[in-house]
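Chemist: What follows is model-v8.txt, compact mmCIF, N, CA, C and O atoms.
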```txt
# COMPACT_ATOMS: atom_id res chain seq x y z
N MET A 20 24.37 3.89 0.69
CA MET A 20 23.23 3.76 -0.20
C MET A 20 22.71 5.16 -0.54
O MET A 20 22.57 6.02 0.31
N ALA A 21 22.39 5.37 -1.80
CA ALA A 21 21.91 6.67 -2.27
C ALA A 21 20.45 6.88 -1.86
O ALA A 21 19.71 5.93 -1.62
N ASP A 22 20.07 8.15 -1.77
CA ASP A 22 18.68 8.47 -1.46
C ASP A 22 17.79 8.04 -2.61
O ASP A 22 18.08 8.31 -3.77
N PHE A 23 16.71 7.36 -2.28
CA PHE A 23 15.78 6.86 -3.28
C PHE A 23 14.43 7.50 -3.04
O PHE A 23 13.88 7.40 -1.95
N VAL A 24 13.92 8.18 -4.05
CA VAL A 24 12.61 8.83 -3.95
C VAL A 24 11.62 8.02 -4.76
O VAL A 24 11.86 7.72 -5.93
N ARG A 25 10.51 7.67 -4.16
CA ARG A 25 9.49 6.92 -4.85
C ARG A 25 8.41 7.89 -5.31
O ARG A 25 7.91 8.68 -4.51
N TYR A 26 8.09 7.85 -6.59
CA TYR A 26 7.06 8.72 -7.15
C TYR A 26 5.78 7.92 -7.37
O TYR A 26 5.83 6.72 -7.61
N TYR A 27 4.65 8.60 -7.26
CA TYR A 27 3.35 7.97 -7.42
C TYR A 27 2.54 8.73 -8.46
O TYR A 27 2.77 9.93 -8.67
N VAL A 28 1.58 8.04 -9.07
CA VAL A 28 0.66 8.70 -10.00
C VAL A 28 -0.14 9.72 -9.20
O VAL A 28 -0.66 9.41 -8.12
N GLY A 29 -0.19 10.94 -9.68
CA GLY A 29 -0.90 12.01 -8.99
C GLY A 29 0.02 12.98 -8.27
O GLY A 29 -0.42 14.05 -7.84
N ASP A 30 1.31 12.63 -8.12
CA ASP A 30 2.27 13.55 -7.52
C ASP A 30 2.41 14.79 -8.40
O ASP A 30 2.33 14.71 -9.62
N VAL A 31 2.62 15.93 -7.78
CA VAL A 31 2.93 17.16 -8.50
C VAL A 31 4.37 17.51 -8.16
O VAL A 31 4.71 17.63 -6.99
N VAL A 32 5.19 17.63 -9.20
CA VAL A 32 6.61 17.91 -9.01
C VAL A 32 7.00 19.23 -9.65
O VAL A 32 6.36 19.67 -10.59
N GLN A 33 8.03 19.84 -9.10
CA GLN A 33 8.58 21.07 -9.67
C GLN A 33 9.84 20.68 -10.41
O GLN A 33 10.73 20.04 -9.85
N MET A 34 9.92 21.06 -11.69
CA MET A 34 11.08 20.74 -12.50
C MET A 34 12.09 21.88 -12.43
O MET A 34 11.75 23.01 -12.09
N LYS A 35 13.36 21.58 -12.76
CA LYS A 35 14.42 22.59 -12.72
C LYS A 35 14.20 23.66 -13.78
O LYS A 35 14.44 24.83 -13.54
N LYS A 36 13.76 23.25 -14.96
CA LYS A 36 13.52 24.21 -16.05
C LYS A 36 12.02 24.37 -16.26
O LYS A 36 11.26 23.41 -16.19
N ALA A 37 11.60 25.59 -16.56
CA ALA A 37 10.19 25.87 -16.79
C ALA A 37 9.77 25.44 -18.20
O ALA A 37 10.58 25.43 -19.13
N HIS A 38 8.52 25.08 -18.35
CA HIS A 38 7.92 24.78 -19.65
C HIS A 38 7.79 26.09 -20.42
O HIS A 38 7.71 27.16 -19.81
N PRO A 39 7.76 26.07 -21.75
CA PRO A 39 7.61 27.31 -22.51
C PRO A 39 6.38 28.16 -22.13
O PRO A 39 6.38 29.37 -22.33
N CYS A 40 5.36 27.53 -21.54
CA CYS A 40 4.17 28.29 -21.12
C CYS A 40 4.47 29.11 -19.85
O CYS A 40 3.66 29.95 -19.45
N GLY A 41 5.60 28.84 -19.20
CA GLY A 41 5.99 29.59 -18.00
C GLY A 41 5.81 28.82 -16.70
O GLY A 41 6.27 29.25 -15.66
N CYS A 42 5.16 27.68 -16.74
CA CYS A 42 4.90 26.89 -15.54
C CYS A 42 5.99 25.83 -15.37
O CYS A 42 6.44 25.25 -16.35
N ASN A 43 6.41 25.56 -14.14
CA ASN A 43 7.39 24.51 -13.92
C ASN A 43 6.84 23.42 -13.00
O ASN A 43 7.59 22.66 -12.41
N GLU A 44 5.51 23.34 -12.88
CA GLU A 44 4.86 22.29 -12.08
C GLU A 44 4.23 21.27 -13.01
O GLU A 44 3.53 21.63 -13.96
N TRP A 45 4.49 19.99 -12.72
CA TRP A 45 4.01 18.90 -13.56
C TRP A 45 3.33 17.84 -12.70
O TRP A 45 3.78 17.55 -11.60
N GLU A 46 2.27 17.23 -13.23
CA GLU A 46 1.59 16.13 -12.56
C GLU A 46 2.03 14.82 -13.18
O GLU A 46 2.08 14.70 -14.41
N VAL A 47 2.35 13.83 -12.36
CA VAL A 47 2.78 12.52 -12.85
C VAL A 47 1.53 11.72 -13.23
O VAL A 47 0.64 11.52 -12.40
N LEU A 48 1.47 11.26 -14.49
CA LEU A 48 0.33 10.50 -14.97
C LEU A 48 0.63 9.01 -15.09
O LEU A 48 -0.28 8.18 -14.93
N ARG A 49 1.87 8.65 -15.41
CA ARG A 49 2.24 7.25 -15.57
C ARG A 49 3.68 7.05 -15.13
O ARG A 49 4.53 7.90 -15.35
N ILE A 50 3.94 5.90 -14.51
CA ILE A 50 5.27 5.58 -13.99
C ILE A 50 5.70 4.25 -14.58
O ILE A 50 4.90 3.34 -14.75
N GLY A 51 6.97 4.14 -14.87
CA GLY A 51 7.55 2.90 -15.40
C GLY A 51 8.95 3.20 -15.87
O GLY A 51 9.66 3.99 -15.27
N VAL A 52 9.35 2.56 -16.96
CA VAL A 52 10.64 2.86 -17.55
C VAL A 52 10.63 4.31 -18.04
O VAL A 52 11.61 5.02 -17.92
N ASP A 53 9.49 4.74 -18.57
CA ASP A 53 9.27 6.12 -18.96
C ASP A 53 8.21 6.73 -18.05
O ASP A 53 7.33 6.04 -17.57
N PHE A 54 8.31 8.04 -17.83
CA PHE A 54 7.31 8.77 -17.07
C PHE A 54 6.47 9.59 -18.05
O PHE A 54 7.01 10.15 -19.00
N VAL A 55 5.17 9.65 -17.83
CA VAL A 55 4.30 10.56 -18.56
C VAL A 55 3.88 11.63 -17.57
O VAL A 55 3.34 11.31 -16.50
N ILE A 56 4.18 12.88 -17.91
CA ILE A 56 3.84 13.99 -17.03
C ILE A 56 3.04 15.03 -17.79
O ILE A 56 3.13 15.12 -19.02
N ARG A 57 2.19 15.78 -17.06
CA ARG A 57 1.35 16.81 -17.68
C ARG A 57 1.63 18.15 -17.01
O ARG A 57 1.64 18.26 -15.79
N CYS A 58 1.83 19.17 -17.84
CA CYS A 58 2.05 20.52 -17.35
C CYS A 58 0.77 21.01 -16.69
O CYS A 58 -0.32 20.91 -17.28
N THR A 59 0.87 21.53 -15.47
CA THR A 59 -0.31 22.01 -14.77
C THR A 59 -0.77 23.37 -15.31
O THR A 59 -1.88 23.80 -15.01
N GLY A 60 0.08 24.03 -16.09
CA GLY A 60 -0.29 25.33 -16.66
C GLY A 60 -1.11 25.20 -17.92
O GLY A 60 -2.22 25.72 -18.02
N CYS A 61 -0.59 24.47 -18.92
CA CYS A 61 -1.25 24.40 -20.22
C CYS A 61 -1.82 23.02 -20.55
O CYS A 61 -2.57 22.87 -21.51
N GLY A 62 -1.47 21.99 -19.76
CA GLY A 62 -2.01 20.65 -19.99
C GLY A 62 -1.22 19.81 -20.98
O GLY A 62 -1.64 18.71 -21.31
N HIS A 63 -0.07 20.30 -21.46
CA HIS A 63 0.74 19.55 -22.41
C HIS A 63 1.30 18.30 -21.76
O HIS A 63 1.78 18.34 -20.63
N ARG A 64 1.23 17.15 -22.47
CA ARG A 64 1.74 15.89 -21.94
C ARG A 64 3.08 15.56 -22.59
O ARG A 64 3.26 15.75 -23.78
N VAL A 65 3.99 15.02 -21.78
CA VAL A 65 5.33 14.67 -22.25
C VAL A 65 5.70 13.30 -21.68
O VAL A 65 5.42 13.01 -20.52
N MET A 66 6.34 12.47 -22.52
CA MET A 66 6.89 11.20 -22.06
C MET A 66 8.41 11.33 -22.04
O MET A 66 9.01 11.68 -23.04
N ILE A 67 9.01 11.09 -20.86
CA ILE A 67 10.45 11.19 -20.74
C ILE A 67 11.00 9.96 -20.02
O ILE A 67 10.30 9.37 -19.18
N PRO A 68 12.22 9.56 -20.33
CA PRO A 68 12.83 8.40 -19.65
C PRO A 68 13.02 8.66 -18.17
O PRO A 68 13.22 9.80 -17.74
N ARG A 69 12.97 7.60 -17.38
CA ARG A 69 13.10 7.70 -15.92
C ARG A 69 14.36 8.43 -15.47
O ARG A 69 14.28 9.34 -14.64
N PRO A 70 15.56 8.09 -16.01
CA PRO A 70 16.76 8.81 -15.54
C PRO A 70 16.70 10.32 -15.78
O PRO A 70 17.10 11.10 -14.92
N LYS A 71 16.17 10.73 -16.93
CA LYS A 71 16.06 12.16 -17.23
C LYS A 71 15.05 12.82 -16.30
O LYS A 71 15.27 13.94 -15.83
N PHE A 72 13.93 12.14 -16.03
CA PHE A 72 12.92 12.68 -15.12
C PHE A 72 13.50 12.89 -13.73
O PHE A 72 13.38 13.96 -13.14
N GLU A 73 14.16 11.85 -13.20
CA GLU A 73 14.70 11.93 -11.84
C GLU A 73 15.78 13.00 -11.72
O GLU A 73 15.92 13.63 -10.68
N LYS A 74 16.53 13.23 -12.80
CA LYS A 74 17.56 14.26 -12.79
C LYS A 74 16.96 15.66 -12.89
O LYS A 74 17.52 16.62 -12.36
N SER A 75 15.80 15.78 -13.55
CA SER A 75 15.18 17.08 -13.80
C SER A 75 14.28 17.57 -12.67
O SER A 75 13.91 18.74 -12.66
N VAL A 76 13.88 16.69 -11.76
CA VAL A 76 12.98 17.09 -10.68
C VAL A 76 13.73 17.90 -9.63
O VAL A 76 14.79 17.50 -9.15
N LYS A 77 13.18 19.05 -9.29
CA LYS A 77 13.76 19.90 -8.24
C LYS A 77 13.21 19.49 -6.88
O LYS A 77 13.95 19.30 -5.93
N LYS A 78 11.87 19.38 -6.78
CA LYS A 78 11.25 18.91 -5.54
C LYS A 78 9.83 18.44 -5.81
O LYS A 78 9.24 18.76 -6.84
N ARG A 79 9.30 17.69 -4.86
CA ARG A 79 7.92 17.20 -4.96
C ARG A 79 7.04 18.16 -4.18
O ARG A 79 7.27 18.40 -2.99
N LEU A 80 6.03 18.72 -4.84
CA LEU A 80 5.14 19.70 -4.21
C LEU A 80 3.94 19.04 -3.54
O LEU A 80 3.53 19.44 -2.45
N LYS A 81 3.35 18.06 -4.21
CA LYS A 81 2.19 17.34 -3.66
C LYS A 81 2.48 15.86 -3.78
O LYS A 81 2.83 15.37 -4.84
N CYS A 82 2.34 15.15 -2.68
CA CYS A 82 2.66 13.74 -2.66
C CYS A 82 1.38 12.91 -2.60
O CYS A 82 0.72 12.85 -1.57
N ALA A 83 1.04 12.28 -3.71
CA ALA A 83 -0.17 11.46 -3.78
C ALA A 83 0.00 10.15 -3.01
O ALA A 83 -0.95 9.59 -2.51
N GLY A 84 1.23 9.65 -2.90
CA GLY A 84 1.48 8.38 -2.21
C GLY A 84 1.16 8.44 -0.73
O GLY A 84 0.66 7.49 -0.16
N ASP A 85 1.44 9.56 -0.08
CA ASP A 85 1.15 9.69 1.34
C ASP A 85 -0.34 9.69 1.61
O ASP A 85 -0.80 9.13 2.58
N GLU A 86 -1.12 10.29 0.72
CA GLU A 86 -2.57 10.33 0.91
C GLU A 86 -3.18 8.96 0.78
O GLU A 86 -4.08 8.59 1.54
N SER A 87 -2.70 8.12 -0.16
CA SER A 87 -3.27 6.80 -0.35
C SER A 87 -2.90 5.87 0.81
O SER A 87 -3.65 4.97 1.14
N GLU A 88 -1.74 6.08 1.44
CA GLU A 88 -1.34 5.24 2.56
C GLU A 88 -2.16 5.54 3.81
O GLU A 88 -2.39 4.68 4.63
N LYS A 89 -2.62 6.79 3.97
CA LYS A 89 -3.40 7.18 5.15
C LYS A 89 -4.84 6.69 5.07
O LYS A 89 -5.48 6.47 6.07
N ALA A 90 -5.35 6.55 3.85
CA ALA A 90 -6.76 6.16 3.66
C ALA A 90 -6.99 4.71 3.98
O ALA A 90 -6.17 3.89 4.07
```
So that I can check it, write out the structure of this file as structure tokens.
Modeler:
Amino acid sequence: MADFVRYYVGDVVQMKKAHPCGCNEWEVLRIGVDFVIRCTGCGHRVMIPRPKFEKSVKKRLKCAGDESEKA
């Protein structure tokens, strides 16, 4: 079975390629078939398909899901 990473609204992820503003950290705003993410540098919002998002993520920097489970 392949590794499965679950993303949550509020997670901050590092993407493989940087945004034109120079920042490569994005906050997850919406999850579903498409992901809506916001650049933490300039605030630009982008909607991308789930497969492209999962392929482009380098690592998760802040995990919002762990915080909600502890509360």
Chemist: Tell me which of A:Gly41, A:Gly51, A:Gly60, A:Gly29 sits closest to Cys82 (chain A), counting only N, CA, C and O atoms.
Modeler: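 Among the listed residues, the smallest separation from Cys82 (chain A) belongs to A:Gly29.
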Chemist: With 4.5 Å as the threshold, what does the neighbourhood of (5.6, 20.2, -16.7) contain in terms of residues, counting all atoms listed in the file? Coordinates are those of the file; answer as a PyMOL selection string.
Modeler: chain A and resi 44-45+57-58
Chemist: Enumerate as a ChimeraX atom specification all residues of chain A assigned to helix (DSSP H, G or I) by DSSP on the backbone, naming them with the chain letters and numbers the document uses.
Modeler: /A:69-75,83-89
Chemist: Taking 5 positions as the minimum chain separation for residues in the same chain, which residues sit within 8 Å of Tyr27 (chain A) when counting only N, CA, C and O atoms? Answer as a list of chain:residue names.
Modeler: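 The contact residues come out as A:Glu46, A:Val47, A:Leu48, A:Arg49, A:Ile50, A:Val55, A:Lys81, A:Cys82, A:Ala83, A:Gly84, A:Asp85.
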Chemist: Take every atom of region 61-71 of chain A listed in the file, pad by 5 Å on each side, and give me the axis-aligned box centre and edge lengths in Å, one decimal, as lines of an AutoDock Vina configuration file.
Modeler:
```
center_x = 7.3
center_y = 16.0
center_z = -19.2
size_x = 29.7
size_y = 26.9
size_z = 19.1
```
Chemist: Take CA of Phe23 (chain A) and CA of Asp53 (chain A) and report the distance between them in Å, one decimal.
Modeler: 17.0 Å
Chemist: How many Å separate atom C of Thr59 (chain A) from atom N of Lys71 (chain A)?
Modeler: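 Taking atom C of Thr59 (chain A) as the start and atom N of Lys71 (chain A) as the end point, the length is 21.2 Å.
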Chemist: Could you check how far CA of His63 (chain A) sits from CA of Ala37 (chain A), in Å to one decimal?
Modeler: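 These atoms are spaced 12.7 Å apart.
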Chemist: Can you tell me which residues surround Met34 (chain A) at a distance of at most 6 Å, considering all atoms listed in the file, apart from same-chain residues fewer than 5 positions away, and format the answer as a list in words?
Modeler: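 In the requested format, the answer is Asn43, Glu44, Trp45, Ser75, Val76, Lys77 and Lys78 of chain A.
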Chemist: Could you check the closest approach to Glu73 (chain A) for each of A:Ile56, A:Cys42, A:Val24, A:Cys61 and tell me which residue wins, using all atoms listed in the file?
Modeler: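 Looking only at the distances to Glu73 (chain A), the closest residue turns out to be A:Val24.
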Chemist: Would you please extract all strand (DSSP E or B) residues from chain A, as assigned by DSSP on the backbone, and give them as a list in words?
Modeler: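 Result set for chain A (strand (DSSP E or B)): Val31, Val32, Gln33, Met34, Glu44, Trp45, Glu46, Val47, Leu48, Arg49, Asp53, Phe54, Val55, Ile56, Arg57, Cys58, Arg64, Val65, Met66, Ile67, Pro68, Val76, Lys77, Lys78, Arg79, Leu80 and Lys81 of chain A.
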Chemist: Please produce region 21-32 of chain A, completed to all heavy atoms, as a short mmCIF file (atom, residue, chain, number, x, y, z; two decimals), in the frame of the given file.
Modeler:
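Dumped everything to selection_8.cif:
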```cif
data_model
loop_
_atom_site.label_atom_id
_atom_site.label_comp_id
_atom_site.auth_asym_id
_atom_site.auth_seq_id
_atom_site.Cartn_x
_atom_site.Cartn_y
_atom_site.Cartn_z
N ALA A 21 22.39 5.37 -1.80
CA ALA A 21 21.91 6.67 -2.27
C ALA A 21 20.45 6.88 -1.86
O ALA A 21 19.71 5.93 -1.62
CB ALA A 21 22.05 6.76 -3.78
N ASP A 22 20.07 8.15 -1.77
CA ASP A 22 18.68 8.47 -1.46
C ASP A 22 17.79 8.04 -2.61
O ASP A 22 18.08 8.31 -3.77
CB ASP A 22 18.51 9.97 -1.24
CG ASP A 22 19.21 10.43 0.03
OD1 ASP A 22 19.35 9.60 0.95
OD2 ASP A 22 19.61 11.60 0.09
N PHE A 23 16.71 7.36 -2.28
CA PHE A 23 15.78 6.86 -3.28
C PHE A 23 14.43 7.50 -3.04
O PHE A 23 13.88 7.40 -1.95
CB PHE A 23 15.66 5.33 -3.18
CG PHE A 23 14.70 4.75 -4.16
CD1 PHE A 23 15.02 4.67 -5.51
CD2 PHE A 23 13.47 4.29 -3.75
CE1 PHE A 23 14.12 4.12 -6.41
CE2 PHE A 23 12.57 3.74 -4.64
CZ PHE A 23 12.90 3.66 -5.97
N VAL A 24 13.92 8.18 -4.05
CA VAL A 24 12.61 8.83 -3.95
C VAL A 24 11.62 8.02 -4.76
O VAL A 24 11.86 7.72 -5.93
CB VAL A 24 12.68 10.28 -4.48
CG1 VAL A 24 11.30 10.93 -4.40
CG2 VAL A 24 13.70 11.08 -3.70
N ARG A 25 10.51 7.67 -4.16
CA ARG A 25 9.49 6.92 -4.85
C ARG A 25 8.41 7.89 -5.31
O ARG A 25 7.91 8.68 -4.51
CB ARG A 25 8.88 5.88 -3.92
CG ARG A 25 7.82 5.03 -4.57
CD ARG A 25 7.54 3.83 -3.75
NE ARG A 25 8.68 2.94 -3.88
CZ ARG A 25 8.56 1.64 -4.16
NH1 ARG A 25 7.40 1.10 -4.30
NH2 ARG A 25 9.64 0.89 -4.27
N TYR A 26 8.09 7.85 -6.59
CA TYR A 26 7.06 8.72 -7.15
C TYR A 26 5.78 7.92 -7.37
O TYR A 26 5.83 6.72 -7.61
CB TYR A 26 7.54 9.32 -8.48
CG TYR A 26 8.73 10.23 -8.31
CD1 TYR A 26 10.02 9.77 -8.57
CD2 TYR A 26 8.57 11.53 -7.87
CE1 TYR A 26 11.11 10.60 -8.39
CE2 TYR A 26 9.66 12.37 -7.69
CZ TYR A 26 10.93 11.89 -7.96
OH TYR A 26 12.02 12.72 -7.76
N TYR A 27 4.65 8.60 -7.26
CA TYR A 27 3.35 7.97 -7.42
C TYR A 27 2.54 8.73 -8.46
O TYR A 27 2.77 9.93 -8.67
CB TYR A 27 2.57 7.99 -6.08
CG TYR A 27 3.25 7.23 -4.98
CD1 TYR A 27 4.09 7.88 -4.09
CD2 TYR A 27 3.05 5.87 -4.83
CE1 TYR A 27 4.73 7.18 -3.07
CE2 TYR A 27 3.67 5.16 -3.81
CZ TYR A 27 4.50 5.81 -2.94
OH TYR A 27 5.12 5.12 -1.95
N VAL A 28 1.58 8.04 -9.07
CA VAL A 28 0.66 8.70 -10.00
C VAL A 28 -0.14 9.72 -9.20
O VAL A 28 -0.66 9.41 -8.12
CB VAL A 28 -0.28 7.67 -10.67
CG1 VAL A 28 -1.33 8.38 -11.51
CG2 VAL A 28 0.53 6.72 -11.53
N GLY A 29 -0.19 10.94 -9.68
CA GLY A 29 -0.90 12.01 -8.99
C GLY A 29 0.02 12.98 -8.27
O GLY A 29 -0.42 14.05 -7.84
N ASP A 30 1.31 12.63 -8.12
CA ASP A 30 2.27 13.55 -7.52
C ASP A 30 2.41 14.79 -8.40
O ASP A 30 2.33 14.71 -9.62
CB ASP A 30 3.66 12.91 -7.39
CG ASP A 30 3.77 11.93 -6.24
OD1 ASP A 30 2.79 11.76 -5.50
OD2 ASP A 30 4.85 11.33 -6.10
N VAL A 31 2.62 15.93 -7.78
CA VAL A 31 2.93 17.16 -8.50
C VAL A 31 4.37 17.51 -8.16
O VAL A 31 4.71 17.63 -6.99
CB VAL A 31 1.97 18.31 -8.12
CG1 VAL A 31 2.36 19.59 -8.84
CG2 VAL A 31 0.53 17.93 -8.47
N VAL A 32 5.19 17.63 -9.20
CA VAL A 32 6.61 17.91 -9.01
C VAL A 32 7.00 19.23 -9.65
O VAL A 32 6.36 19.67 -10.59
CB VAL A 32 7.50 16.77 -9.57
CG1 VAL A 32 7.26 15.48 -8.84
CG2 VAL A 32 7.29 16.60 -11.06
#
```
